[in-house]
Amino acid sequence: MSIKPPTTYKQRVLWVLTVCTVISLVCIIGLVFSGPRIRQIDYNSQALTKDLNQTIVLRANQPLKSVDKSQVHIEPNTDFNVTTSGESVIIQLKQRLLEDTTYRVKLNDITGRNGRTTNNESSFKTGGSNYYYLKRNYGYSSNLYAFAEKEEDQIIKGSLYGEDEVVYSAEKILDFTVSGDKLISSQVSSIDEDAQQGTPSLVVYDLKTKESINISLPETKGTIDKLHTSSDGRFVGYTFTSKFVSGNQKYSYNLFIYDFKSKLLDEIKGIGNVRTGVGNWRFMPDGTTIVAETYTSGTLFIDVFSQHEPIPLGNLSGVANTSSNGGKIAFIDYREGPTILDVSKKSKNPYTTRNTGATTPIITSIRLLQNSEGVIKLLNIPVTSYSYEYTVAIQRWGADKELYRVSTQDNEVRNYSTTPNDQYLILETSAIKGREYDKYGSELQPTNVQTSIINTSDGKVLKTVSGSKLVWK
């Protein structure tokens with residue numbers, strides 16, 4: 001028996017309608033009698049590696065019964081919570097994920113509205129990051145007070161697997177930070193006879209529009225130091241030191257905060273609203289509180305909006321960084337050495353090495369990890385009776401793992417930190433032999449600084465750039 005194809009227009013229309021009806025019935029029957037399957041996965045590939053409390057949403061083809069955490073498996077392993085809403089399984093991450101990594105999500109024994117159960121597997125890949133660093137091209141040679149041939153300083157953008165490019169340049173750049181599409185640079189021009197102070201400026205450069213504006217400063221002559229922005233980009237802060245005029249100096253490392261929203265500049269003061277100089281300082285993760293080492297009142301928690309009296313934390317120094325939730329602060333205790341302060345408990349955990357002999361490693365400083373419990377430690381390890389080596393080690397769950405070793409005879413470790421997900425170590429060093437300095441700003445800066453990006457899983461150096469103050473974005 002054969003079916004004759006339709007010949008008239010009416011027959012063709014009826015034929016198409018009949019076929020569509022049959023297909024729809026098959027799909028409906030299949031949906032009713034088959035188990036759930038994941039049809040879509042939603043996520044932000046960049047935010048997953050940089051920000052906490054991100055979500056991954058897996059959408060099924062039908063409403064689901066509640067999915068328990070034990071039914072969800074993520075590889076590589078990470079910590080998370082799970083909720084179910086209609087046809088969606090919502091994974092709430094407790095940690096930042098690794099960059100440039102394919103993750104697999106397995107859902108076991110998930111049940112649809114028809115009571116049927118299936119297993120599902122989905123995958124997604126996280127994105128990579130960019131970095132920015134400062135390359136200062138203004139130096140001294142044999143004569144510390146005679147400038148060499150001048151090239152503009154540069155802020156350079158790059159990535160682990162891409163080419164570097166200059167995104168901003170100016171005559172003399174002291175420091176910079178990046179927040180969203182804003183690049184904020186502290187600069188100086190018209191340097192005076194002492195080759196340190198001149199005419200400062202704080203420039204906000206839009207990386208998209210290529211336009212720039214200047215932020216007002218306390219005075220027209222002086223030096224900007226210790227530039228930081230809040231996590232949400234609303235505030236930028238810095239310390240300011242005035243030029244001596246007739247033996248007088250109005251500001252000496254006083255802290256100022258500029259509010260991009262209100263366009264107001266405020267001086268941050270200490271206990272009793274007393275003006276004070278500030279050493280190291282940081283914004284806390286909430287964006288409205290700072291921790292600052294003041295010259296008059298020790299280290300304080302200070303509210304940016306000045307709504308509360310500053311909270312004293314004691315005589316802490318060398319504030320290095322804070323944990324992602326603001327619950328802990330790494331610093332140097334005058335008596336105990338490198339120490340972690342638990343803010344809520346107001347308790348201290350010193351990282352002091354007990355001296356057991358001439359070859360005992362000495363912990364010189366620490367940094368809190370940003371994605372898990374643990375620290376990065378800088379140790380000074382005796383090699384002989386007169387020589388040492390720097391070792392950078394990562395400590396998680398009580399165990400140390402050496403990442404990188406630097407000879408103190410050849411190099412100086414200037415700074416170190418980890419990326420937000422702790423995947424990479426950022427290590428800034430300067431060669432000792434043949435070192436030259438520039439001399440603008442409040443401190444001598446070596447011109448031969450290099451920054452290495454090191455994988456914290458195996459200690460492999462992935463990339464080294466000629467520059468400093470590397471920012472991971």
# chains A, B, ... in the order shown; residues from 1 in each chain; ligands from 1
>>> residues_around(residues="stretch 278-288 of chain A", least_positions_apart="6", cutoff="6 Å", atoms="only C-alpha atoms", output="list in words")
Ser230, Ser231, Tyr253, Asn254, Thr294, Val304, Val319 and Gly326 of chain A
>>> atom_distance(atom1="atom CA of A:Ile268", atom2="atom CA of A:Gln187")
21.7 Å
>>> atom_distance(atom1="atom CA of A:His228", atom2="atom CA of A:Ser306")
18.4 Å
>>> residues_around(residues="A:Leu174", least_positions_apart="2", cutoff="10 Å", atoms="only C-alpha atoms", output="PDB file with C-alpha atoms, in the first residue's frame")
ATOM      1  CA  LEU A 134      53.388  50.411  35.376  1.00  0.00           C
ATOM      2  CA  ARG A 136      58.463  53.849  34.479  1.00  0.00           C
ATOM      3  CA  ASP A 153      55.952  56.396  31.731  1.00  0.00           C
ATOM      4  CA  GLU A 171      55.471  62.170  31.890  1.00  0.00           C
ATOM      5  CA  LYS A 172      55.911  60.888  35.460  1.00  0.00           C
ATOM      6  CA  PHE A 176      47.771  53.807  39.473  1.00  0.00           C
ATOM      7  CA  SER A 185      46.720  57.583  37.904  1.00  0.00           C
ATOM      8  CA  SER A 186      48.686  59.762  40.324  1.00  0.00           C
ATOM      9  CA  GLN A 187      51.283  61.853  38.514  1.00  0.00           C
ATOM     10  CA  VAL A 188      53.751  64.658  39.081  1.00  0.00           C
ATOM     11  CA  PRO A 200      50.856  66.610  41.482  1.00  0.00           C
ATOM     12  CA  SER A 201      47.754  65.493  39.634  1.00  0.00           C
ATOM     13  CA  LEU A 202      45.208  62.710  40.005  1.00  0.00           C
ATOM     14  CA  THR A 223      53.208  64.434  46.687  1.00  0.00           C
ATOM     15  CA  ILE A 224      50.530  61.750  46.375  1.00  0.00           C
ATOM     16  CA  ASP A 225      51.177  58.328  47.953  1.00  0.00           C
ATOM     17  CA  LYS A 226      49.390  55.046  48.694  1.00  0.00           C
ATOM     18  CA  LEU A 227      46.616  55.182  46.119  1.00  0.00           C
ATOM     19  CA  TYR A 440      60.166  61.337  41.835  1.00  0.00           C
ATOM     20  CA  GLY A 441      57.659  60.786  44.550  1.00  0.00           C
ATOM     21  CA  SER A 442      58.499  60.210  48.188  1.00  0.00           C
ATOM     22  CA  GLU A 443      60.654  57.111  47.711  1.00  0.00           C
ATOM     23  CA  GLN A 445      62.188  53.476  42.986  1.00  0.00           C
TER      24      GLN A 445
END
>>> residues_around(residues="A:Lys269", least_positions_apart="5", cutoff="9 Å", atoms="only C-alpha atoms", output="list in words")
Asn254, Leu255, Val274, Arg275, Thr276, Gly277, Thr294, Ile302, Ser306 and Pro310 of chain A
>>> residues_around(residues="A:Ile257", least_positions_apart="3", cutoff="9 Å", atoms="only C-alpha atoms", output="MDAnalysis selection string")
chainID A and resid 235:239 264:268 304
>>> select_by_dssp(residues="stretch 288-354 of chain A", states="strand (DSSP E or B)", output="PyMOL selection string")
chain A and resi 289-294+298-303+311-314+316-322+328-333+337-342+347-350
